[in-house]
file query21.cif (mmCIF, N, CA and C atoms)
data_target
loop_
_atom_site.label_atom_id
_atom_site.label_comp_id
_atom_site.auth_asym_id
_atom_site.auth_seq_id
_atom_site.Cartn_x
_atom_site.Cartn_y
_atom_site.Cartn_z
N MET A 300 8.24 -16.55 -11.00
CA MET A 300 8.69 -17.34 -9.87
C MET A 300 8.73 -16.43 -8.64
N ALA A 301 8.13 -16.88 -7.55
CA ALA A 301 8.07 -16.07 -6.33
C ALA A 301 9.40 -16.10 -5.60
N ARG A 302 9.80 -14.92 -5.16
CA ARG A 302 11.00 -14.80 -4.33
C ARG A 302 10.57 -14.76 -2.87
N PRO A 303 11.45 -15.14 -1.94
CA PRO A 303 11.07 -15.02 -0.53
C PRO A 303 10.87 -13.55 -0.17
N VAL A 304 9.85 -13.29 0.66
CA VAL A 304 9.58 -11.92 1.09
C VAL A 304 10.62 -11.52 2.12
N THR A 305 11.25 -10.39 1.87
CA THR A 305 12.23 -9.88 2.82
C THR A 305 11.70 -8.61 3.45
N THR A 306 12.26 -8.23 4.57
CA THR A 306 11.83 -7.00 5.24
C THR A 306 12.48 -5.79 4.61
N ARG A 307 13.39 -5.95 3.67
CA ARG A 307 14.10 -4.85 3.07
C ARG A 307 13.58 -4.50 1.68
N LEU A 308 12.33 -4.78 1.42
CA LEU A 308 11.78 -4.38 0.13
C LEU A 308 11.77 -2.86 0.06
N PRO A 309 11.99 -2.29 -1.12
CA PRO A 309 11.99 -0.84 -1.24
C PRO A 309 10.59 -0.28 -1.01
N LYS A 310 10.55 0.98 -0.59
CA LYS A 310 9.26 1.65 -0.43
C LYS A 310 8.72 1.98 -1.81
N PRO A 311 7.44 1.74 -2.03
CA PRO A 311 6.87 2.05 -3.34
C PRO A 311 6.75 3.56 -3.55
N THR A 312 6.93 3.99 -4.79
CA THR A 312 6.72 5.39 -5.15
C THR A 312 5.21 5.65 -5.20
N ALA A 313 4.83 6.91 -5.40
CA ALA A 313 3.41 7.25 -5.50
C ALA A 313 2.74 6.51 -6.66
N ALA A 314 3.40 6.45 -7.80
CA ALA A 314 2.83 5.75 -8.96
C ALA A 314 2.72 4.24 -8.68
N GLU A 315 3.72 3.68 -8.02
CA GLU A 315 3.68 2.26 -7.68
C GLU A 315 2.57 1.97 -6.67
N LEU A 316 2.34 2.90 -5.75
CA LEU A 316 1.25 2.73 -4.78
C LEU A 316 -0.11 2.71 -5.48
N GLU A 317 -0.28 3.52 -6.52
CA GLU A 317 -1.52 3.49 -7.30
C GLU A 317 -1.77 2.10 -7.88
N ILE A 318 -0.73 1.52 -8.41
CA ILE A 318 -0.84 0.18 -8.99
C ILE A 318 -1.12 -0.84 -7.89
N LEU A 319 -0.40 -0.74 -6.78
CA LEU A 319 -0.64 -1.67 -5.66
C LEU A 319 -2.08 -1.55 -5.16
N GLN A 320 -2.59 -0.33 -5.06
CA GLN A 320 -3.98 -0.14 -4.61
C GLN A 320 -4.94 -0.89 -5.53
N THR A 321 -4.68 -0.83 -6.82
CA THR A 321 -5.53 -1.53 -7.79
C THR A 321 -5.43 -3.04 -7.60
N LEU A 322 -4.22 -3.54 -7.41
CA LEU A 322 -4.04 -4.99 -7.21
C LEU A 322 -4.66 -5.45 -5.90
N TRP A 323 -4.54 -4.67 -4.85
CA TRP A 323 -5.15 -5.04 -3.57
C TRP A 323 -6.67 -5.04 -3.68
N ARG A 324 -7.21 -4.06 -4.40
CA ARG A 324 -8.67 -3.95 -4.49
C ARG A 324 -9.28 -5.01 -5.39
N TYR A 325 -8.66 -5.28 -6.54
CA TYR A 325 -9.27 -6.16 -7.54
C TYR A 325 -8.61 -7.53 -7.65
N GLY A 326 -7.51 -7.74 -6.95
CA GLY A 326 -6.82 -9.02 -7.04
C GLY A 326 -5.83 -9.04 -8.19
N PRO A 327 -5.22 -10.19 -8.45
CA PRO A 327 -4.23 -10.31 -9.52
C PRO A 327 -4.77 -9.80 -10.86
N GLN A 328 -3.93 -9.07 -11.58
CA GLN A 328 -4.35 -8.40 -12.82
C GLN A 328 -3.25 -8.46 -13.87
N THR A 329 -3.68 -8.33 -15.12
CA THR A 329 -2.73 -8.13 -16.21
C THR A 329 -2.41 -6.63 -16.28
N VAL A 330 -1.38 -6.30 -17.05
CA VAL A 330 -1.04 -4.89 -17.25
C VAL A 330 -2.23 -4.16 -17.87
N ARG A 331 -2.87 -4.77 -18.84
CA ARG A 331 -4.01 -4.14 -19.52
C ARG A 331 -5.14 -3.84 -18.53
N GLN A 332 -5.43 -4.77 -17.64
CA GLN A 332 -6.49 -4.56 -16.65
C GLN A 332 -6.14 -3.39 -15.72
N VAL A 333 -4.90 -3.36 -15.25
CA VAL A 333 -4.47 -2.27 -14.37
C VAL A 333 -4.55 -0.95 -15.13
N HIS A 334 -4.06 -0.94 -16.37
CA HIS A 334 -4.10 0.27 -17.20
C HIS A 334 -5.54 0.77 -17.34
N GLU A 335 -6.48 -0.11 -17.61
CA GLU A 335 -7.88 0.29 -17.78
C GLU A 335 -8.46 0.85 -16.49
N ARG A 336 -8.07 0.28 -15.36
CA ARG A 336 -8.60 0.75 -14.07
C ARG A 336 -7.99 2.10 -13.67
N LEU A 337 -6.73 2.34 -14.02
CA LEU A 337 -6.08 3.59 -13.66
C LEU A 337 -6.54 4.75 -14.55
N GLY A 338 -6.76 4.45 -15.81
CA GLY A 338 -7.30 5.46 -16.70
C GLY A 338 -6.36 6.55 -17.18
N GLY A 339 -5.67 7.24 -16.31
CA GLY A 339 -4.90 8.42 -16.69
C GLY A 339 -3.50 8.18 -17.21
N ARG A 340 -3.00 6.98 -17.15
CA ARG A 340 -1.62 6.70 -17.58
C ARG A 340 -1.62 5.90 -18.88
N GLY A 341 -0.58 6.11 -19.67
CA GLY A 341 -0.45 5.36 -20.90
C GLY A 341 -0.12 3.90 -20.63
N TYR A 342 -0.50 3.04 -21.55
CA TYR A 342 -0.28 1.61 -21.40
C TYR A 342 1.20 1.29 -21.20
N THR A 343 2.07 1.88 -22.01
CA THR A 343 3.49 1.56 -21.89
C THR A 343 4.07 2.05 -20.57
N THR A 344 3.53 3.14 -20.03
CA THR A 344 3.98 3.63 -18.73
C THR A 344 3.61 2.62 -17.64
N VAL A 345 2.37 2.13 -17.68
CA VAL A 345 1.93 1.14 -16.69
C VAL A 345 2.76 -0.14 -16.83
N LEU A 346 2.98 -0.57 -18.06
CA LEU A 346 3.80 -1.76 -18.31
C LEU A 346 5.18 -1.60 -17.71
N LYS A 347 5.83 -0.49 -18.00
CA LYS A 347 7.19 -0.26 -17.50
C LYS A 347 7.21 -0.21 -15.97
N LEU A 348 6.23 0.51 -15.37
CA LEU A 348 6.16 0.58 -13.91
C LEU A 348 6.01 -0.81 -13.30
N MET A 349 5.15 -1.63 -13.89
CA MET A 349 4.92 -2.97 -13.33
C MET A 349 6.14 -3.87 -13.52
N GLN A 350 6.87 -3.70 -14.61
CA GLN A 350 8.12 -4.44 -14.79
C GLN A 350 9.14 -4.02 -13.74
N ILE A 351 9.24 -2.73 -13.50
CA ILE A 351 10.16 -2.22 -12.47
C ILE A 351 9.76 -2.76 -11.10
N MET A 352 8.45 -2.75 -10.82
CA MET A 352 7.96 -3.25 -9.54
C MET A 352 8.29 -4.73 -9.35
N ALA A 353 8.22 -5.49 -10.42
CA ALA A 353 8.58 -6.91 -10.34
C ALA A 353 10.08 -7.05 -10.07
N ASP A 354 10.89 -6.24 -10.74
CA ASP A 354 12.34 -6.27 -10.53
C ASP A 354 12.70 -5.86 -9.10
N LYS A 355 11.96 -4.91 -8.53
CA LYS A 355 12.20 -4.45 -7.16
C LYS A 355 11.65 -5.41 -6.11
N GLY A 356 10.82 -6.36 -6.53
CA GLY A 356 10.24 -7.30 -5.59
C GLY A 356 8.94 -6.82 -4.96
N LEU A 357 8.33 -5.77 -5.51
CA LEU A 357 7.07 -5.27 -4.96
C LEU A 357 5.87 -6.10 -5.43
N VAL A 358 6.00 -6.71 -6.60
CA VAL A 358 4.95 -7.58 -7.13
C VAL A 358 5.58 -8.86 -7.65
N ASP A 359 4.76 -9.90 -7.69
CA ASP A 359 5.16 -11.15 -8.34
C ASP A 359 4.50 -11.17 -9.71
N ARG A 360 5.21 -11.76 -10.68
CA ARG A 360 4.70 -11.84 -12.05
C ARG A 360 4.59 -13.30 -12.45
N ASP A 361 3.38 -13.72 -12.80
CA ASP A 361 3.14 -15.08 -13.30
C ASP A 361 3.27 -15.04 -14.81
N GLU A 362 4.31 -15.69 -15.32
CA GLU A 362 4.60 -15.65 -16.75
C GLU A 362 4.14 -16.92 -17.47
N SER A 363 3.25 -17.69 -16.84
CA SER A 363 2.84 -18.97 -17.41
C SER A 363 1.89 -18.82 -18.61
N SER A 364 1.30 -17.66 -18.78
CA SER A 364 0.46 -17.44 -19.96
C SER A 364 0.98 -16.22 -20.72
N ARG A 365 0.42 -16.00 -21.90
CA ARG A 365 0.90 -14.90 -22.74
C ARG A 365 0.76 -13.56 -22.02
N ALA A 366 -0.41 -13.32 -21.41
CA ALA A 366 -0.62 -12.09 -20.63
C ALA A 366 -0.17 -12.36 -19.20
N HIS A 367 0.92 -11.75 -18.81
CA HIS A 367 1.46 -11.96 -17.47
C HIS A 367 0.48 -11.41 -16.43
N ILE A 368 0.38 -12.14 -15.33
CA ILE A 368 -0.50 -11.75 -14.23
C ILE A 368 0.38 -11.25 -13.08
N TYR A 369 0.04 -10.08 -12.55
CA TYR A 369 0.80 -9.48 -11.46
C TYR A 369 -0.03 -9.52 -10.18
N ARG A 370 0.66 -9.77 -9.06
CA ARG A 370 0.02 -9.73 -7.74
C ARG A 370 0.99 -9.09 -6.76
N PRO A 371 0.46 -8.38 -5.77
CA PRO A 371 1.35 -7.73 -4.80
C PRO A 371 2.09 -8.76 -3.96
N ARG A 372 3.33 -8.46 -3.62
CA ARG A 372 4.11 -9.36 -2.76
C ARG A 372 3.68 -9.27 -1.31
N LEU A 373 3.32 -8.06 -0.88
CA LEU A 373 2.92 -7.85 0.51
C LEU A 373 1.45 -7.45 0.58
N ALA A 374 0.82 -7.83 1.66
CA ALA A 374 -0.56 -7.42 1.89
C ALA A 374 -0.63 -5.92 2.11
N ARG A 375 -1.79 -5.35 1.83
CA ARG A 375 -1.99 -3.91 2.00
C ARG A 375 -1.63 -3.46 3.41
N ARG A 376 -2.10 -4.18 4.41
CA ARG A 376 -1.86 -3.78 5.81
C ARG A 376 -0.36 -3.77 6.13
N ARG A 377 0.35 -4.77 5.65
CA ARG A 377 1.79 -4.83 5.93
C ARG A 377 2.52 -3.67 5.27
N THR A 378 2.14 -3.32 4.06
CA THR A 378 2.74 -2.19 3.37
C THR A 378 2.40 -0.89 4.09
N GLN A 379 1.14 -0.73 4.49
CA GLN A 379 0.75 0.46 5.23
C GLN A 379 1.54 0.58 6.52
N THR A 380 1.73 -0.52 7.23
CA THR A 380 2.49 -0.51 8.48
C THR A 380 3.92 -0.04 8.23
N ARG A 381 4.55 -0.56 7.19
CA ARG A 381 5.92 -0.16 6.86
C ARG A 381 6.00 1.33 6.56
N LEU A 382 5.04 1.84 5.77
CA LEU A 382 5.07 3.25 5.38
C LEU A 382 4.77 4.16 6.56
N VAL A 383 3.83 3.77 7.40
CA VAL A 383 3.51 4.60 8.58
C VAL A 383 4.68 4.60 9.55
N ARG A 384 5.30 3.46 9.75
CA ARG A 384 6.46 3.40 10.65
C ARG A 384 7.56 4.33 10.15
N ASP A 385 7.80 4.32 8.85
CA ASP A 385 8.81 5.20 8.26
C ASP A 385 8.42 6.67 8.44
N LEU A 386 7.15 6.99 8.19
CA LEU A 386 6.67 8.36 8.36
C LEU A 386 6.79 8.80 9.82
N LEU A 387 6.40 7.93 10.74
CA LEU A 387 6.53 8.24 12.17
C LEU A 387 7.96 8.59 12.54
N ASP A 388 8.88 7.75 12.10
CA ASP A 388 10.29 7.94 12.44
C ASP A 388 10.88 9.19 11.80
N ARG A 389 10.63 9.37 10.50
CA ARG A 389 11.27 10.46 9.77
C ARG A 389 10.65 11.83 10.03
N VAL A 390 9.33 11.89 10.18
CA VAL A 390 8.64 13.17 10.24
C VAL A 390 8.20 13.54 11.65
N PHE A 391 7.81 12.54 12.45
CA PHE A 391 7.22 12.83 13.76
C PHE A 391 8.08 12.33 14.92
N SER A 392 9.34 12.06 14.67
CA SER A 392 10.28 11.61 15.71
C SER A 392 9.72 10.46 16.54
N GLY A 393 8.99 9.59 15.89
CA GLY A 393 8.44 8.41 16.56
C GLY A 393 7.18 8.66 17.37
N SER A 394 6.62 9.86 17.33
CA SER A 394 5.45 10.20 18.15
C SER A 394 4.14 9.90 17.40
N ALA A 395 3.45 8.86 17.85
CA ALA A 395 2.15 8.52 17.27
C ALA A 395 1.14 9.63 17.55
N ALA A 396 1.23 10.25 18.72
CA ALA A 396 0.30 11.33 19.07
C ALA A 396 0.41 12.49 18.08
N ARG A 397 1.65 12.87 17.73
CA ARG A 397 1.84 13.97 16.78
C ARG A 397 1.29 13.61 15.40
N LEU A 398 1.49 12.36 15.01
CA LEU A 398 0.96 11.91 13.72
C LEU A 398 -0.56 12.01 13.70
N VAL A 399 -1.22 11.52 14.73
CA VAL A 399 -2.68 11.55 14.79
C VAL A 399 -3.18 12.98 14.85
N GLN A 400 -2.54 13.81 15.67
CA GLN A 400 -2.94 15.21 15.76
C GLN A 400 -2.85 15.90 14.40
N GLN A 401 -1.76 15.66 13.71
CA GLN A 401 -1.57 16.29 12.39
C GLN A 401 -2.59 15.75 11.39
N ALA A 402 -2.85 14.45 11.42
CA ALA A 402 -3.82 13.86 10.51
C ALA A 402 -5.20 14.47 10.72
N LEU A 403 -5.61 14.61 11.98
CA LEU A 403 -6.93 15.17 12.28
C LEU A 403 -6.99 16.66 12.00
N ALA A 404 -5.88 17.37 12.14
CA ALA A 404 -5.84 18.79 11.83
C ALA A 404 -5.83 19.05 10.33
N THR A 405 -5.31 18.09 9.58
CA THR A 405 -5.17 18.26 8.13
C THR A 405 -6.46 17.98 7.38
N ARG A 406 -7.17 16.93 7.80
CA ARG A 406 -8.40 16.53 7.11
C ARG A 406 -9.45 16.15 8.13
N ARG A 407 -10.61 16.76 8.02
CA ARG A 407 -11.69 16.52 8.96
C ARG A 407 -12.16 15.06 8.87
N ALA A 408 -12.25 14.42 10.02
CA ALA A 408 -12.71 13.04 10.08
C ALA A 408 -14.23 13.02 10.18
N SER A 409 -14.85 12.03 9.55
CA SER A 409 -16.30 11.88 9.63
C SER A 409 -16.69 11.38 11.02
N LYS A 410 -17.96 11.45 11.35
CA LYS A 410 -18.44 10.92 12.63
C LYS A 410 -18.13 9.44 12.75
N GLU A 411 -18.28 8.72 11.64
CA GLU A 411 -18.00 7.28 11.64
C GLU A 411 -16.52 7.00 11.90
N GLU A 412 -15.65 7.79 11.27
CA GLU A 412 -14.22 7.62 11.47
C GLU A 412 -13.83 7.93 12.92
N LEU A 413 -14.40 9.00 13.48
CA LEU A 413 -14.11 9.34 14.88
C LEU A 413 -14.58 8.25 15.82
N ALA A 414 -15.75 7.68 15.54
CA ALA A 414 -16.26 6.58 16.38
C ALA A 414 -15.33 5.38 16.29
N GLU A 415 -14.82 5.08 15.09
CA GLU A 415 -13.89 3.96 14.93
C GLU A 415 -12.58 4.23 15.67
N ILE A 416 -12.10 5.46 15.61
CA ILE A 416 -10.87 5.83 16.33
C ILE A 416 -11.08 5.65 17.83
N ARG A 417 -12.25 6.07 18.34
CA ARG A 417 -12.54 5.89 19.77
C ARG A 417 -12.55 4.41 20.15
N ARG A 418 -13.19 3.59 19.29
CA ARG A 418 -13.22 2.13 19.56
C ARG A 418 -11.80 1.55 19.57
N MET A 419 -10.97 1.99 18.63
CA MET A 419 -9.60 1.51 18.58
C MET A 419 -8.83 1.92 19.83
N LEU A 420 -9.02 3.17 20.28
CA LEU A 420 -8.34 3.63 21.50
C LEU A 420 -8.82 2.83 22.72
N ASP A 421 -10.10 2.55 22.79
CA ASP A 421 -10.63 1.74 23.90
C ASP A 421 -10.01 0.35 23.90
N ARG A 422 -9.93 -0.26 22.72
CA ARG A 422 -9.31 -1.59 22.63
C ARG A 422 -7.83 -1.53 23.01
N TYR A 423 -7.15 -0.50 22.54
CA TYR A 423 -5.73 -0.33 22.83
C TYR A 423 -5.51 -0.16 24.32
N GLU A 424 -6.32 0.68 24.95
CA GLU A 424 -6.20 0.89 26.40
C GLU A 424 -6.52 -0.37 27.17
N GLY A 425 -7.38 -1.22 26.61
CA GLY A 425 -7.73 -2.49 27.25
C GLY A 425 -6.70 -3.58 27.02
N GLY A 426 -5.62 -3.25 26.32
CA GLY A 426 -4.53 -4.22 26.12
C GLY A 426 -4.59 -4.97 24.80
N GLU A 427 -5.60 -4.69 23.98
CA GLU A 427 -5.69 -5.35 22.68
C GLU A 427 -4.91 -4.56 21.64
N GLN A 428 -4.53 -5.24 20.57
CA GLN A 428 -3.89 -4.57 19.45
C GLN A 428 -4.97 -3.91 18.61
N ALA A 429 -4.68 -2.72 18.10
CA ALA A 429 -5.65 -2.02 17.24
C ALA A 429 -5.62 -2.65 15.90
#

call {"tool": "encode", "arguments": {"input": "query21.cif", "output": "structure tokens"}}
result
Amino acid sequence: MARPVTTRLPKPTAAELEILQTLWRYGPQTVRQVHERLGGRGYTTVLKLMQIMADKGLVDRDESSRAHIYRPRLARRRTQTRLVRDLLDRVFSGSAARLVQQALATRRASKEELAEIRRMLDRYEGGEQA
């Protein structure tokens, strides 16, 4: 049964993010499907994580069939926005410029990524949302 989405959902752990990435990429999945896609974790570990995620409200669980189907409660973009906002506030004192500078200093961006960043900045300067 789906619960109403609240803005106070807990932040997913690294392991929970792996599962969410799988659900966002492939759509609703059973525990077995997620386990097979992740590869490195034991089945019972994935099962327990997904049960915890359902209890925390990070995923919805359809129990209408024998193999329960899990789907993320929030869209990937909404989750990314929440995590970046938290990172900005906690680590970069709210400075988007410092975050971008650190990201580019930490990992080299491809030509395609730099071109996309330029397009986003142009749109932003023109008054559009990135």

call {"tool": "residues_around", "arguments": {"input": "query21.cif", "residues": "Lys310 of chain A", "least_positions_apart": "6", "cutoff": "8 Å", "atoms": "all atoms listed in the file", "output": "ChimeraX atom specification"}}
result
/A:316,381-382

call {"tool": "closest_residue", "arguments": {"input": "query21.cif", "among": "A:Glu315, A:Gly426, A:Tyr325, A:Ala408", "to": "Lys347 of chain A", "atoms": "only C-alpha atoms"}}
result
A:Glu315

call {"tool": "select_by_dssp", "arguments": {"input": "query21.cif", "residues": "chain A", "states": "helix (DSSP H, G or I)", "output": "VMD selection string"}}
result
chain A and resid 313 to 325 330 to 337 342 to 355 375 to 390 395 to 405 410 to 424

call {"tool": "atom_distance", "arguments": {"input": "query21.cif", "atom1": "atom CA of His367 of chain A", "atom2": "atom CA of Thr329 of chain A"}}
result
5.8 Å

call {"tool": "atom_distance", "arguments": {"input": "query21.cif", "atom1": "atom C of Gly356 of chain A", "atom2": "atom N of Leu322 of chain A"}}
result
13.8 Å

call {"tool": "atom_distance", "arguments": {"input": "query21.cif", "atom1": "atom CA of Ser364 of chain A", "atom2": "atom CA of Arg307 of chain A"}}
result
29.6 Å

call {"tool": "resolve_selection", "arguments": {"input": "query21.cif", "expression": "the PyMOL selection byres ((chain A and resi 359) around 8)", "output": "VMD selection string"}}
result
chain A and resid 300 to 302 352 to 354 356 to 358 360 to 362 367 to 373

call {"tool": "axis_aligned_box", "arguments": {"input": "query21.cif", "around": "segment 416-420 of chain A", "padding_each_side": "6 Å", "output": "JSON"}}
result
{"center_x": -10.8, "center_y": 3.8, "center_z": 19.2, "size_x": 16.9, "size_y": 16.6, "size_z": 19.1}

call {"tool": "residues_around", "arguments": {"input": "query21.cif", "residues": "Leu398 of chain A", "least_positions_apart": "3", "cutoff": "12 Å", "atoms": "only C-alpha atoms", "output": "PDB file with N, CA and C atoms, in the frame of the given file"}}
result
ATOM      1  N   VAL A 383       3.830   3.770   7.400  1.00  0.00           N
ATOM      2  CA  VAL A 383       3.510   4.600   8.580  1.00  0.00           C
ATOM      3  C   VAL A 383       4.680   4.600   9.550  1.00  0.00           C
ATOM      4  N   ARG A 384       5.300   3.460   9.750  1.00  0.00           N
ATOM      5  CA  ARG A 384       6.460   3.400  10.650  1.00  0.00           C
ATOM      6  C   ARG A 384       7.560   4.330  10.150  1.00  0.00           C
ATOM      7  N   ASP A 385       7.800   4.320   8.850  1.00  0.00           N
ATOM      8  CA  ASP A 385       8.810   5.200   8.260  1.00  0.00           C
ATOM      9  C   ASP A 385       8.420   6.670   8.440  1.00  0.00           C
ATOM     10  N   LEU A 386       7.150   6.990   8.190  1.00  0.00           N
ATOM     11  CA  LEU A 386       6.670   8.360   8.360  1.00  0.00           C
ATOM     12  C   LEU A 386       6.790   8.800   9.820  1.00  0.00           C
ATOM     13  N   LEU A 387       6.400   7.930  10.740  1.00  0.00           N
ATOM     14  CA  LEU A 387       6.530   8.240  12.170  1.00  0.00           C
ATOM     15  C   LEU A 387       7.960   8.590  12.540  1.00  0.00           C
ATOM     16  N   ASP A 388       8.880   7.750  12.100  1.00  0.00           N
ATOM     17  CA  ASP A 388      10.290   7.940  12.440  1.00  0.00           C
ATOM     18  C   ASP A 388      10.880   9.190  11.800  1.00  0.00           C
ATOM     19  N   ARG A 389      10.630   9.370  10.500  1.00  0.00           N
ATOM     20  CA  ARG A 389      11.270  10.460   9.770  1.00  0.00           C
ATOM     21  C   ARG A 389      10.650  11.830  10.030  1.00  0.00           C
ATOM     22  N   VAL A 390       9.330  11.890  10.180  1.00  0.00           N
ATOM     23  CA  VAL A 390       8.640  13.170  10.240  1.00  0.00           C
ATOM     24  C   VAL A 390       8.200  13.540  11.650  1.00  0.00           C
ATOM     25  N   PHE A 391       7.810  12.540  12.450  1.00  0.00           N
ATOM     26  CA  PHE A 391       7.220  12.830  13.760  1.00  0.00           C
ATOM     27  C   PHE A 391       8.080  12.330  14.920  1.00  0.00           C
ATOM     28  N   SER A 392       9.340  12.060  14.670  1.00  0.00           N
ATOM     29  CA  SER A 392      10.280  11.610  15.710  1.00  0.00           C
ATOM     30  C   SER A 392       9.720  10.460  16.540  1.00  0.00           C
ATOM     31  N   GLY A 393       8.990   9.590  15.890  1.00  0.00           N
ATOM     32  CA  GLY A 393       8.440   8.410  16.560  1.00  0.00           C
ATOM     33  C   GLY A 393       7.180   8.660  17.370  1.00  0.00           C
ATOM     34  N   SER A 394       6.620   9.860  17.330  1.00  0.00           N
ATOM     35  CA  SER A 394       5.450  10.200  18.150  1.00  0.00           C
ATOM     36  C   SER A 394       4.140   9.900  17.400  1.00  0.00           C
ATOM     37  N   ALA A 395       3.450   8.860  17.850  1.00  0.00           N
ATOM     38  CA  ALA A 395       2.150   8.520  17.270  1.00  0.00           C
ATOM     39  C   ALA A 395       1.140   9.630  17.550  1.00  0.00           C
ATOM     40  N   GLN A 401      -1.760  15.660  13.710  1.00  0.00           N
ATOM     41  CA  GLN A 401      -1.570  16.290  12.390  1.00  0.00           C
ATOM     42  C   GLN A 401      -2.590  15.750  11.390  1.00  0.00           C
ATOM     43  N   ALA A 402      -2.850  14.450  11.420  1.00  0.00           N
ATOM     44  CA  ALA A 402      -3.820  13.860  10.510  1.00  0.00           C
ATOM     45  C   ALA A 402      -5.200  14.470  10.720  1.00  0.00           C
ATOM     46  N   LEU A 403      -5.610  14.610  11.980  1.00  0.00           N
ATOM     47  CA  LEU A 403      -6.930  15.170  12.280  1.00  0.00           C
ATOM     48  C   LEU A 403      -6.990  16.660  12.000  1.00  0.00           C
ATOM     49  N   ALA A 404      -5.880  17.370  12.140  1.00  0.00           N
ATOM     50  CA  ALA A 404      -5.840  18.790  11.830  1.00  0.00           C
ATOM     51  C   ALA A 404      -5.830  19.050  10.330  1.00  0.00           C
ATOM     52  N   THR A 405      -5.310  18.090   9.580  1.00  0.00           N
ATOM     53  CA  THR A 405      -5.170  18.260   8.130  1.00  0.00           C
ATOM     54  C   THR A 405      -6.460  17.980   7.380  1.00  0.00           C
TER      55      THR A 405
END

call {"tool": "select_by_dssp", "arguments": {"input": "query21.cif", "residues": "chain A", "states": "strand (DSSP E or B)", "output": "PyMOL selection string"}}
result
chain A and resi 328+358-361+368-371
